[in-house]
file work.tsv (TSV, C-alpha atoms)
chain	number	residue	atom	x	y	z
A	13	MET	CA	292.47	212.03	248.99
A	14	THR	CA	292.36	215.34	247.13
A	15	THR	CA	293.11	218.30	249.41
A	16	THR	CA	291.53	221.73	249.19
A	17	SER	CA	294.72	223.24	247.78
A	18	THR	CA	294.88	220.52	245.12
A	19	ARG	CA	291.27	221.13	244.12
A	20	ARG	CA	292.01	224.84	243.78
A	21	ALA	CA	295.05	224.04	241.65
A	22	ILE	CA	292.95	221.81	239.37
A	23	ALA	CA	290.33	224.53	238.95
A	24	ALA	CA	292.93	227.24	238.31
A	25	ALA	CA	294.84	225.25	235.71
A	26	THR	CA	291.92	223.83	233.78
A	27	ILE	CA	289.59	226.81	233.49
A	28	GLY	CA	291.88	228.65	231.07
A	29	ASN	CA	292.36	225.50	229.06
A	30	ALA	CA	288.59	225.11	228.98
A	31	LEU	CA	288.26	228.62	227.54
A	32	GLU	CA	290.90	227.87	224.89
A	33	TRP	CA	289.31	224.64	223.72
A	34	PHE	CA	285.77	225.96	223.94
A	35	ASP	CA	286.75	228.71	221.54
A	36	LEU	CA	288.57	226.29	219.23
A	37	ALA	CA	285.67	223.84	219.21
A	38	VAL	CA	283.10	226.58	218.58
A	39	TYR	CA	285.12	227.97	215.67
A	40	ALA	CA	285.37	224.51	214.10
A	41	LEU	CA	281.67	223.78	214.59
A	42	MET	CA	280.57	227.20	213.32
A	43	ALA	CA	283.05	227.28	210.42
A	44	SER	CA	280.40	227.30	207.69
A	45	TYR	CA	278.64	230.35	209.22
A	46	ILE	CA	281.93	232.13	209.91
A	47	GLY	CA	282.92	231.54	206.28
A	48	ARG	CA	279.73	233.19	205.05
A	49	THR	CA	280.21	236.16	207.40
A	50	PHE	CA	283.85	237.04	206.89
A	51	PHE	CA	284.76	235.80	203.41
A	52	PRO	CA	283.55	236.97	199.96
A	53	GLU	CA	280.42	235.39	198.55
A	54	GLY	CA	280.95	232.50	196.18
A	55	ASP	CA	281.19	228.73	196.40
A	56	PRO	CA	280.12	227.64	199.92
A	57	GLY	CA	282.76	224.91	199.79
A	58	VAL	CA	285.47	227.50	199.14
A	59	GLN	CA	284.20	229.62	202.03
A	60	LEU	CA	284.38	226.59	204.32
A	61	VAL	CA	287.94	225.82	203.25
A	62	GLN	CA	288.90	229.48	203.81
A	63	ALA	CA	287.42	229.44	207.31
A	64	TYR	CA	289.26	226.23	208.15
A	65	ALA	CA	292.46	227.66	206.66
A	66	VAL	CA	292.29	230.58	209.13
A	67	PHE	CA	291.63	227.97	211.81
A	68	GLY	CA	294.89	226.27	210.82
A	69	VAL	CA	297.07	229.28	210.02
A	70	THR	CA	296.67	230.71	213.52
A	71	TYR	CA	298.34	227.60	214.90
A	72	LEU	CA	301.58	228.75	213.29
A	73	ILE	CA	302.07	231.39	216.01
A	74	ARG	CA	301.44	228.96	218.87
A	75	PRO	CA	305.02	227.63	219.05
A	76	LEU	CA	306.23	231.24	219.39
A	77	GLY	CA	303.72	231.89	222.16
A	78	GLY	CA	304.81	228.62	223.76
A	79	LEU	CA	308.45	229.69	223.81
A	80	VAL	CA	307.79	233.21	225.11
A	81	ILE	CA	305.16	232.39	227.74
A	82	GLY	CA	306.66	228.98	228.57
A	83	ALA	CA	310.02	230.59	229.33
A	84	TYR	CA	308.20	233.22	231.40
A	85	ALA	CA	306.52	230.44	233.39
A	86	ASP	CA	309.84	228.66	233.96
A	87	ARG	CA	311.55	231.89	235.03
A	88	HIS	CA	308.83	233.65	237.02
A	89	GLY	CA	306.37	230.93	237.98
A	90	ARG	CA	303.40	229.05	236.61
A	91	LYS	CA	300.89	231.27	238.37
A	92	LYS	CA	301.99	234.53	236.72
A	93	ALA	CA	301.99	232.92	233.29
A	94	LEU	CA	298.49	231.52	233.78
A	95	MET	CA	297.17	234.94	234.79
A	96	LEU	CA	298.63	236.44	231.61
A	97	THR	CA	297.33	233.85	229.16
A	98	ILE	CA	293.72	234.01	230.25
A	99	TRP	CA	293.41	237.73	229.51
A	100	LEU	CA	295.08	237.37	226.13
A	101	MET	CA	292.62	234.62	225.20
A	102	VAL	CA	289.67	236.74	226.32
A	103	ALA	CA	290.84	239.60	224.09
A	104	GLY	CA	290.79	237.35	221.03
A	105	THR	CA	287.38	235.93	221.91
A	106	PHE	CA	286.02	239.47	222.30
A	107	LEU	CA	287.11	240.40	218.78
A	108	LEU	CA	285.41	237.35	217.28
A	109	ALA	CA	282.22	238.12	219.19
A	110	VAL	CA	281.87	241.72	217.95
A	111	LEU	CA	283.64	241.98	214.54
A	112	PRO	CA	281.41	243.11	211.64
A	113	GLY	CA	281.34	240.89	208.57
A	114	TYR	CA	282.70	241.19	205.03
A	115	GLU	CA	279.75	243.25	203.81
A	116	THR	CA	280.69	245.98	206.31
A	117	LEU	CA	284.48	245.83	206.49
A	118	GLY	CA	285.38	244.29	203.15
A	119	ILE	CA	288.86	242.78	203.05
A	120	PHE	CA	289.51	244.02	206.61
A	121	ALA	CA	286.96	241.50	207.93
A	122	PRO	CA	288.99	238.34	207.22
A	123	LEU	CA	292.17	240.19	208.22
A	124	ALA	CA	290.61	241.10	211.57
A	125	VAL	CA	289.58	237.47	212.11
A	126	ILE	CA	293.18	236.44	211.49
A	127	VAL	CA	294.40	239.00	214.06
A	128	ALA	CA	291.93	237.69	216.64
A	129	ARG	CA	293.00	234.10	216.02
A	130	LEU	CA	296.69	235.01	216.14
A	131	LEU	CA	296.19	236.71	219.50
A	132	GLN	CA	294.44	233.66	220.88
A	133	GLY	CA	297.00	231.34	219.33
A	134	PHE	CA	299.86	233.19	221.02
A	135	ALA	CA	298.13	232.97	224.41
A	136	ALA	CA	297.14	229.34	223.95
A	137	GLY	CA	300.73	228.58	223.00
A	138	GLY	CA	301.86	229.20	226.58
A	139	GLU	CA	298.72	227.91	228.29
A	140	PHE	CA	299.36	224.19	227.90
A	141	GLY	CA	302.93	224.16	229.22
A	142	ALA	CA	302.25	226.39	232.21
A	143	ALA	CA	298.98	224.69	233.17
A	144	THR	CA	300.23	221.12	232.71
A	145	SER	CA	303.42	221.83	234.67
A	146	PHE	CA	301.33	223.43	237.41
A	147	LEU	CA	299.10	220.35	237.64
A	148	VAL	CA	301.68	217.54	237.60
A	149	GLU	CA	303.91	219.40	240.08
A	150	GLN	CA	301.25	219.33	242.78
A	151	ASN	CA	301.93	215.69	243.71
A	152	GLU	CA	304.54	213.42	242.08
A	153	ARG	CA	302.70	210.24	243.07
A	154	ARG	CA	299.42	211.38	241.50
A	155	LYS	CA	300.72	213.13	238.40
A	156	GLY	CA	298.79	210.87	236.04
A	157	PHE	CA	295.49	211.76	237.70
A	158	LEU	CA	296.28	215.46	238.17
A	159	GLY	CA	297.65	215.88	234.66
A	160	SER	CA	294.55	214.25	233.20
A	161	PHE	CA	292.47	217.29	234.12
A	162	GLN	CA	294.34	219.23	231.45
A	163	PHE	CA	292.63	217.10	228.80
A	164	ALA	CA	289.42	216.45	230.74
A	165	SER	CA	288.78	220.17	230.42
A	166	GLN	CA	289.00	219.74	226.65
A	167	GLY	CA	286.23	217.17	226.84
A	168	LEU	CA	284.14	219.58	228.90
A	169	SER	CA	284.78	222.33	226.37
A	170	THR	CA	283.77	220.04	223.51
A	171	LEU	CA	280.63	219.16	225.44
A	172	MET	CA	279.70	222.81	225.95
A	173	ALA	CA	280.53	223.78	222.36
A	174	ALA	CA	278.52	220.89	220.94
A	175	GLY	CA	275.62	221.78	223.24
A	176	PHE	CA	275.58	225.33	221.95
A	177	ALA	CA	275.84	224.18	218.34
A	178	ALA	CA	273.05	221.62	218.71
A	179	ALA	CA	270.71	224.03	220.50
A	180	LEU	CA	271.34	227.00	218.24
A	181	THR	CA	270.96	225.07	214.97
A	182	ALA	CA	267.77	223.46	216.28
A	183	LEU	CA	266.20	226.71	217.48
A	184	LEU	CA	267.38	229.21	214.88
A	185	SER	CA	266.93	229.41	211.13
A	186	ASP	CA	269.92	229.21	208.81
A	187	GLU	CA	269.60	232.94	208.16
A	188	ALA	CA	269.60	233.76	211.87
A	189	MET	CA	272.60	231.52	212.47
A	190	THR	CA	274.54	233.28	209.71
A	191	SER	CA	273.44	236.73	210.88
A	192	TRP	CA	274.10	236.49	214.62
A	193	GLY	CA	273.50	233.03	216.08
A	194	TRP	CA	277.07	231.77	215.63
A	195	ARG	CA	278.34	234.64	217.82
A	196	VAL	CA	276.39	233.54	220.92
A	197	PRO	CA	278.93	230.90	222.10
A	198	PHE	CA	281.77	233.42	221.79
A	199	VAL	CA	279.87	235.89	223.97
A	200	PHE	CA	279.40	233.11	226.52
A	201	GLY	CA	283.13	232.39	226.37
A	202	LEU	CA	283.82	235.94	227.52
A	203	LEU	CA	282.22	235.13	230.88
A	204	ILE	CA	284.86	232.50	231.66
A	205	GLY	CA	287.72	234.99	231.61
A	206	PRO	CA	287.06	237.04	234.78
A	207	VAL	CA	286.18	233.91	236.76
A	208	GLY	CA	289.35	232.17	235.63
A	209	TYR	CA	291.51	235.18	236.44
A	210	TYR	CA	290.06	235.44	239.95
A	211	ILE	CA	290.75	231.76	240.69
A	212	ARG	CA	294.28	231.92	239.31
A	213	ARG	CA	295.12	235.08	241.23
A	214	TYR	CA	294.44	233.48	244.60
A	215	VAL	CA	296.00	230.04	244.08
A	216	ASP	CA	299.45	229.08	245.41
A	217	GLU	CA	302.45	228.48	243.15
A	218	SER	CA	303.28	224.81	242.42
A	219	PRO	CA	305.44	223.06	245.07
A	220	ALA	CA	308.18	222.23	242.57
A	221	MET	CA	308.57	225.87	241.56
A	222	ARG	CA	308.60	227.01	245.19
A	223	GLU	CA	311.49	224.63	245.79
A	224	GLU	CA	313.55	226.07	242.91
A	225	THR	CA	316.31	228.33	244.30
A	226	GLY	CA	318.66	230.68	242.51
A	227	PRO	CA	318.81	231.55	238.81
A	228	SER	CA	318.17	228.70	236.37
A	229	PRO	CA	319.68	228.23	232.91
A	230	SER	CA	317.86	229.88	230.03
A	231	PRO	CA	314.87	227.58	229.41
A	232	ILE	CA	314.76	228.24	225.67
A	233	ARG	CA	318.49	227.75	225.17
A	234	SER	CA	318.47	224.61	227.29
A	235	VAL	CA	315.51	223.06	225.47
A	236	PHE	CA	317.07	223.49	222.04
A	237	ARG	CA	320.59	222.56	223.09
A	238	HIS	CA	320.01	219.63	225.40
A	239	HIS	CA	316.41	218.42	225.16
A	240	TRP	CA	315.71	217.71	221.48
A	241	GLY	CA	314.92	214.15	222.47
A	242	GLY	CA	312.32	215.37	224.93
A	243	LEU	CA	310.73	217.60	222.29
A	244	LEU	CA	310.44	214.69	219.85
A	245	ILE	CA	309.07	212.31	222.49
A	246	ALA	CA	306.50	214.75	223.90
A	247	GLY	CA	305.40	216.07	220.50
A	248	GLY	CA	305.35	212.66	218.88
A	249	ALA	CA	303.27	211.15	221.69
A	250	LEU	CA	300.72	213.92	221.21
A	251	VAL	CA	300.31	213.51	217.44
A	252	VAL	CA	297.60	210.84	217.31
A	253	SER	CA	295.66	212.44	220.17
A	254	THR	CA	295.51	215.90	218.63
A	255	ALA	CA	294.72	214.58	215.14
A	256	LEU	CA	291.90	212.46	216.56
A	257	ASN	CA	290.58	215.41	218.54
A	258	PHE	CA	290.14	217.50	215.42
A	259	ILE	CA	288.72	214.56	213.49
A	260	LEU	CA	286.06	214.26	216.19
A	261	GLN	CA	285.31	217.98	215.88
A	262	TYR	CA	285.24	217.67	212.09
A	263	LEU	CA	282.87	214.68	212.00
A	264	PRO	CA	279.66	216.69	212.66
A	265	THR	CA	280.50	218.96	209.70
A	266	PHE	CA	281.36	215.81	207.73
A	267	GLY	CA	277.95	214.41	208.61
A	268	VAL	CA	276.20	217.56	207.41
A	269	GLU	CA	278.25	218.41	204.30
A	270	GLU	CA	279.16	214.94	203.02
A	271	LEU	CA	276.42	212.65	204.33
A	272	GLY	CA	273.46	215.04	204.32
A	273	LEU	CA	272.56	214.54	207.98
A	274	ASP	CA	270.58	217.07	210.00
A	275	ASP	CA	272.71	219.87	211.52
A	276	SER	CA	271.45	219.61	215.09
A	277	LEU	CA	271.57	215.79	215.20
A	278	SER	CA	275.17	215.78	213.96
A	279	PHE	CA	276.19	218.13	216.75
A	280	VAL	CA	274.32	216.02	219.32
A	281	ALA	CA	276.64	213.14	218.38
A	282	LEU	CA	279.55	215.28	219.55
A	283	LEU	CA	277.82	215.77	222.91
A	284	VAL	CA	278.20	212.06	223.61
A	285	THR	CA	281.92	212.25	222.88
A	286	GLY	CA	282.26	215.28	225.15
A	287	VAL	CA	280.71	213.40	228.07
A	288	ILE	CA	283.06	210.45	227.54
A	289	LEU	CA	286.17	212.64	227.41
A	290	THR	CA	285.15	214.72	230.42
A	291	VAL	CA	284.31	211.79	232.70
A	292	GLY	CA	286.60	209.08	231.35
A	293	THR	CA	289.89	210.96	231.24
A	294	PRO	CA	290.41	211.39	235.01
A	295	VAL	CA	289.46	207.72	235.51
A	296	VAL	CA	292.23	206.73	233.10
A	297	GLY	CA	294.60	209.05	234.97
A	298	LEU	CA	293.84	207.23	238.20
A	299	LEU	CA	294.41	203.84	236.59
A	300	ALA	CA	297.67	205.05	235.06
A	301	ASP	CA	299.03	206.05	238.47
A	302	ARG	CA	298.27	202.56	239.72
A	303	PHE	CA	299.15	200.28	236.80
A	304	GLY	CA	301.46	202.34	234.61
A	305	ARG	CA	300.87	204.78	231.81
A	306	LEU	CA	302.26	203.02	228.74
A	307	VAL	CA	300.39	199.82	229.61
A	308	ILE	CA	297.22	201.77	228.81
A	309	MET	CA	298.41	204.20	226.14
A	310	VAL	CA	300.14	201.84	223.69
A	311	PRO	CA	297.16	199.47	223.21
A	312	ALA	CA	294.87	202.51	222.86
A	313	ALA	CA	297.07	203.98	220.11
A	314	VAL	CA	297.10	200.66	218.26
A	315	LEU	CA	293.32	200.39	218.44
A	316	ILE	CA	292.88	203.95	217.18
A	317	GLY	CA	295.04	203.17	214.17
A	318	VAL	CA	293.31	199.92	213.21
A	319	SER	CA	289.72	200.97	213.90
A	320	VAL	CA	289.37	204.40	212.33
A	321	VAL	CA	289.23	203.30	208.66
A	322	PRO	CA	286.55	200.62	209.26
A	323	LEU	CA	284.55	203.18	211.24
A	324	PHE	CA	284.71	205.70	208.38
A	325	VAL	CA	283.66	202.98	205.94
A	326	TRP	CA	280.71	202.08	208.16
A	327	VAL	CA	279.55	205.69	208.60
A	328	THR	CA	279.74	206.45	204.86
A	329	ALA	CA	278.09	203.15	203.87
A	330	VAL	CA	275.21	203.54	206.34
A	331	PRO	CA	274.88	207.31	206.94
A	332	SER	CA	272.62	207.91	209.91
A	333	PHE	CA	272.56	209.58	213.30
A	334	PHE	CA	273.07	206.18	214.95
A	335	THR	CA	276.17	205.20	212.98
A	336	LEU	CA	277.74	208.66	213.37
A	337	THR	CA	277.11	208.62	217.13
A	338	ALA	CA	278.36	205.04	217.53
A	339	ALA	CA	281.57	205.76	215.60
A	340	MET	CA	282.25	208.91	217.60
A	341	THR	CA	281.54	207.06	220.86
A	342	ILE	CA	284.11	204.37	220.01
A	343	LEU	CA	286.71	206.94	219.01
A	344	GLY	CA	285.93	208.99	222.13
A	345	LEU	CA	286.53	205.99	224.40
A	346	LEU	CA	289.83	205.22	222.67
A	347	LYS	CA	290.91	208.85	222.89
A	348	ALA	CA	290.14	209.01	226.62
A	349	ALA	CA	292.16	205.84	227.15
A	350	TYR	CA	295.12	207.28	225.27
A	351	PHE	CA	295.32	210.84	226.50
A	352	GLY	CA	294.29	210.37	230.13
A	353	ALA	CA	297.95	209.87	231.12
A	354	LEU	CA	299.48	211.80	228.22
A	355	PRO	CA	300.14	215.13	230.04
A	356	SER	CA	302.22	213.42	232.72
A	357	VAL	CA	304.15	211.41	230.10
A	358	MET	CA	304.97	214.59	228.20
A	359	SER	CA	306.02	216.33	231.43
A	360	ASP	CA	308.51	213.59	232.28
A	361	ALA	CA	310.42	214.40	229.08
A	362	PHE	CA	311.75	217.66	230.63
A	363	PRO	CA	313.35	218.90	233.89
A	364	VAL	CA	311.34	221.25	236.13
A	365	TRP	CA	313.26	224.42	235.23
A	366	ALA	CA	312.63	223.94	231.48
A	367	ARG	CA	309.36	222.01	231.67
A	368	ALA	CA	306.84	224.70	230.70
A	369	THR	CA	309.01	225.79	227.76
A	370	GLY	CA	309.57	222.24	226.51
A	371	LEU	CA	305.94	221.25	226.96
A	372	SER	CA	304.63	224.40	225.29
A	373	PHE	CA	306.87	224.16	222.24
A	374	SER	CA	306.44	220.42	221.68
A	375	TYR	CA	302.69	220.59	222.26
A	376	ASN	CA	302.06	223.56	219.99
A	377	THR	CA	304.33	222.37	217.23
A	378	ALA	CA	302.57	219.00	217.13
A	379	VAL	CA	299.12	220.59	217.40
A	380	GLY	CA	299.96	223.13	214.70
A	381	ILE	CA	301.18	220.51	212.23
A	382	PHE	CA	298.96	217.53	213.00
A	383	GLY	CA	295.97	219.21	214.64
A	384	GLY	CA	295.28	222.71	213.39
A	385	PHE	CA	295.36	221.68	209.74
A	386	THR	CA	293.58	218.34	210.23
A	387	PRO	CA	290.13	219.65	209.17
A	388	THR	CA	291.71	221.27	206.09
A	389	ILE	CA	293.63	218.07	205.31
A	390	ALA	CA	290.47	216.00	205.77
A	391	THR	CA	288.37	218.14	203.43
A	392	ALA	CA	291.22	218.33	200.90
A	393	LEU	CA	291.71	214.54	200.97
A	394	ILE	CA	288.02	213.99	200.29
A	395	ALA	CA	288.03	216.54	197.48
A	396	GLY	CA	291.26	215.23	195.96
A	397	THR	CA	290.54	211.50	196.14
A	398	GLY	CA	286.77	211.53	195.87
A	399	SER	CA	286.70	209.11	198.79
A	400	GLN	CA	284.81	209.96	201.95
A	401	VAL	CA	286.98	207.44	203.82
A	402	ALA	CA	290.22	209.32	203.10
A	403	PRO	CA	290.50	211.08	206.54
A	404	GLY	CA	290.65	207.65	208.19
A	405	TYR	CA	293.89	206.78	206.42
A	406	TYR	CA	295.45	210.00	207.69
A	407	LEU	CA	294.66	209.05	211.27
A	408	LEU	CA	295.99	205.54	210.70
A	409	ALA	CA	299.33	207.00	209.58
A	410	VAL	CA	299.78	209.35	212.54
A	411	SER	CA	299.01	206.60	215.07
A	412	PHE	CA	302.32	204.94	214.14
A	413	VAL	CA	304.17	208.20	214.86
A	414	SER	CA	302.85	208.28	218.44
A	415	ILE	CA	303.61	204.60	219.09
A	416	ALA	CA	307.21	205.21	218.00
A	417	ALA	CA	307.47	208.25	220.32
A	418	LEU	CA	306.19	206.25	223.32
A	419	ALA	CA	308.72	203.51	222.59
A	420	ALA	CA	311.51	206.13	222.50
A	421	GLY	CA	310.33	207.57	225.82
A	422	TYR	CA	310.45	204.13	227.38
A	423	ARG	CA	313.98	203.47	226.13
A	424	THR	CA	315.62	206.86	226.70
A	425	ARG	CA	313.65	208.49	229.56
A	426	GLY	CA	312.50	205.47	231.52
A	427	ILE	CA	308.86	206.53	231.08
A	428	ARG	CA	306.53	203.79	232.22

call {"tool": "encode", "arguments": {"input": "work.tsv", "output": "structure tokens"}}
result
Amino acid sequence: MTTTSTRRAIAAATIGNALEWFDLAVYALMASYIGRTFFPEGDPGVQLVQAYAVFGVTYLIRPLGGLVIGAYADRHGRKKALMLTIWLMVAGTFLLAVLPGYETLGIFAPLAVIVARLLQGFAAGGEFGAATSFLVEQNERRKGFLGSFQFASQGLSTLMAAGFAAALTALLSDEAMTSWGWRVPFVFGLLIGPVGYYIRRYVDESPAMREETGPSPSPIRSVFRHHWGGLLIAGGALVVSTALNFILQYLPTFGVEELGLDDSLSFVALLVTGVILTVGTPVVGLLADRFGRLVIMVPAAVLIGVSVVPLFVWVTAVPSFFTLTAAMTILGLLKAAYFGALPSVMSDAFPVWARATGLSFSYNTAVGIFGGFTPTIATALIAGTGSQVAPGYYLLAVSFVSIAALAAGYRTRGIR
């Protein structure tokens, strides 16, 4: 049974993560309009690549934010860190919502976008470690289920972002979308901040942190001196999940730009995936607590690797709303199966007093390398090879990285 205090903890931890991923998903979905607004006029394809490049470059600061805010969470508590990150994320969202475009600011427009994304990246860098630690430390016997809400909130954010994208592109003209329509979801994102801060302010610290007594070793020094194995296991296990997440966010743009599908219908396909990830992830977390985590995760990773190329071939051979939706549904189910128990697996790679630091750095390093640049890699692979199936091979390759990391966790950390 889930107690009132546990429900409050779930709400407090996930609402900031929802804000982070809502903003990330909206930026990815609105990349073409953002490119037109903030980058010089020219080839629309170049503008899109520039917008995605900013999307990826901002991930470079996330490991730094993870170290700084993660260490703060390990030293001073998860609650204080979570209150800090939500306001930093709101500040970045505010800038994106109100910044004038290139025609008004010139070169300062893209520079200002980079500043906004760097600010959000720094905050998001510490969000995952603090929030995940806070969740799994509520109840050791239910850590798979509780940790799953970290990623379930990502599904909810994808659902909301896709809903905005589908509605706005259906109701507004292309000119209106470029002029002001793409800003609407960012304005909505600003409303989450005060609510999230209020909930986090009045929630109790995690039981594991309350039990910590006396000064602990430096979290950053300890992670880099004694827990390199944990960093590789946690980051490696995340690789296929984060790459798949951004592939799913990229597919609607792929459907529009490469397959010529209708804008609003392509975004509706992402709605289906959002529902699956939001509802299915906690179910997988429950099953993982009962039957074991790797029993579910390893087969899911294998299926992701072997299915993604045939799915890309199918979608490109028979481009339609049905095939795009079906492919994204299959990938969404496999992703939910894999990452439902992933937060708790990553948490077990580190001790309590260095957990937020280790989680934040491993998470953000993996996301920065294999996630943040995935849309750029996907578009570059298509442009370089001339094959619309090329992104599928990238996902096939990274699935083997995660399987190897899970095997190492089983052998060296006793993760089951």

call {"tool": "residues_around", "arguments": {"input": "work.tsv", "residues": "Gly133 in chain A", "least_positions_apart": "3", "cutoff": "10 Å", "atoms": "all atoms listed in the file", "output": "PDB file with C-alpha atoms, keeping the file's coordinate frame"}}
result
ATOM      1  CA  GLU A  32     290.900 227.870 224.890  1.00  0.00           C
ATOM      2  CA  LEU A  36     288.570 226.290 219.230  1.00  0.00           C
ATOM      3  CA  PHE A  67     291.630 227.970 211.810  1.00  0.00           C
ATOM      4  CA  VAL A  69     297.070 229.280 210.020  1.00  0.00           C
ATOM      5  CA  THR A  70     296.670 230.710 213.520  1.00  0.00           C
ATOM      6  CA  TYR A  71     298.340 227.600 214.900  1.00  0.00           C
ATOM      7  CA  LEU A  72     301.580 228.750 213.290  1.00  0.00           C
ATOM      8  CA  ILE A  73     302.070 231.390 216.010  1.00  0.00           C
ATOM      9  CA  ARG A  74     301.440 228.960 218.870  1.00  0.00           C
ATOM     10  CA  PRO A  75     305.020 227.630 219.050  1.00  0.00           C
ATOM     11  CA  LEU A  76     306.230 231.240 219.390  1.00  0.00           C
ATOM     12  CA  GLY A  77     303.720 231.890 222.160  1.00  0.00           C
ATOM     13  CA  GLY A  78     304.810 228.620 223.760  1.00  0.00           C
ATOM     14  CA  LEU A 100     295.080 237.370 226.130  1.00  0.00           C
ATOM     15  CA  MET A 101     292.620 234.620 225.200  1.00  0.00           C
ATOM     16  CA  GLY A 104     290.790 237.350 221.030  1.00  0.00           C
ATOM     17  CA  VAL A 127     294.400 239.000 214.060  1.00  0.00           C
ATOM     18  CA  ALA A 128     291.930 237.690 216.640  1.00  0.00           C
ATOM     19  CA  ARG A 129     293.000 234.100 216.020  1.00  0.00           C
ATOM     20  CA  LEU A 130     296.690 235.010 216.140  1.00  0.00           C
ATOM     21  CA  ALA A 136     297.140 229.340 223.950  1.00  0.00           C
ATOM     22  CA  GLY A 137     300.730 228.580 223.000  1.00  0.00           C
ATOM     23  CA  GLY A 138     301.860 229.200 226.580  1.00  0.00           C
ATOM     24  CA  GLU A 139     298.720 227.910 228.290  1.00  0.00           C
ATOM     25  CA  ASN A 376     302.060 223.560 219.990  1.00  0.00           C
ATOM     26  CA  GLY A 380     299.960 223.130 214.700  1.00  0.00           C
TER      27      GLY A 380
END

call {"tool": "atom_distance", "arguments": {"input": "work.tsv", "atom1": "CA of Pro206 in chain A", "atom2": "CA of Ser169 in chain A"}}
result
17.1 Å

call {"tool": "closest_residue", "arguments": {"input": "work.tsv", "among": "A:Ala349, A:Ala24, A:Ala220, A:Ile204", "to": "Val295 in chain A", "atoms": "all atoms listed in the file"}}
result
A:Ala349

call {"tool": "closest_residue", "arguments": {"input": "work.tsv", "among": "A:Leu111, A:Met189, A:Leu117, A:Ala312", "to": "Val252 in chain A", "atoms": "all atoms listed in the file"}}
result
A:Ala312

call {"tool": "atom_distance", "arguments": {"input": "work.tsv", "atom1": "CA of Arg423 in chain A", "atom2": "CA of Arg305 in chain A"}}
result
14.3 Å

call {"tool": "atom_distance", "arguments": {"input": "work.tsv", "atom1": "CA of Ser160 in chain A", "atom2": "CA of Asp360 in chain A"}}
result
14.0 Å

call {"tool": "closest_residue", "arguments": {"input": "work.tsv", "among": "A:Pro229, A:Pro197, A:Gly304, A:Pro264", "to": "Gly156 in chain A", "atoms": "all atoms listed in the file"}}
result
A:Gly304

call {"tool": "residues_around", "arguments": {"input": "work.tsv", "residues": "Leu171 in chain A", "least_positions_apart": "3", "cutoff": "6 Å", "atoms": "all atoms listed in the file", "output": "mmCIF file with C-alpha atoms, keeping the file's coordinate frame"}}
result
data_model
loop_
_atom_site.group_PDB
_atom_site.id
_atom_site.type_symbol
_atom_site.label_atom_id
_atom_site.label_comp_id
_atom_site.auth_asym_id
_atom_site.auth_seq_id
_atom_site.Cartn_x
_atom_site.Cartn_y
_atom_site.Cartn_z
ATOM 1 C CA LEU A 168 284.140 219.580 228.900
ATOM 2 C CA ALA A 174 278.520 220.890 220.940
ATOM 3 C CA LEU A 283 277.820 215.770 222.910
ATOM 4 C CA GLY A 286 282.260 215.280 225.150
#

call {"tool": "residues_around", "arguments": {"input": "work.tsv", "residues": "range 325-340 of chain A", "least_positions_apart": "3", "cutoff": "8 Å", "atoms": "only C-alpha atoms", "output": "VMD selection string"}}
result
chain A and resid 260 267 271 273 277 to 278 281 to 282 284 to 285 321 to 322 343 to 344 400 to 401

call {"tool": "residues_near_point", "arguments": {"input": "work.tsv", "point": "(289.1, 215.5, 235.4)", "cutoff": "10 Å", "atoms": "all atoms listed in the file", "output": "count of residues only"}}
result
26

call {"tool": "closest_residue", "arguments": {"input": "work.tsv", "among": "A:Val280, A:Leu256, A:Ala135, A:Ala121", "to": "Leu180 in chain A", "atoms": "all atoms listed in the file"}}
result
A:Val280

call {"tool": "closest_residue", "arguments": {"input": "work.tsv", "among": "A:Gly205, A:Gly118, A:Gly421, A:Gly317", "to": "Ala361 in chain A", "atoms": "all atoms listed in the file"}}
result
A:Gly421

call {"tool": "closest_residue", "arguments": {"input": "work.tsv", "among": "A:Val364, A:Ala409, A:Val287, A:Ala419", "to": "Val251 in chain A", "atoms": "all atoms listed in the file"}}
result
A:Ala409

call {"tool": "residues_around", "arguments": {"input": "work.tsv", "residues": "Thr190 in chain A", "least_positions_apart": "3", "cutoff": "12 Å", "atoms": "all atoms listed in the file", "output": "PyMOL selection string"}}
result
chain A and resi 42-50+113+180-181+184-187+193-196

call {"tool": "residues_around", "arguments": {"input": "work.tsv", "residues": "Ala142 in chain A", "least_positions_apart": "5", "cutoff": "8 Å", "atoms": "only C-alpha atoms", "output": "list in words"}}
result
Gly82, Ala85, Arg90, Lys91, Ala93, Leu94, Ala368 and Ser372 of chain A
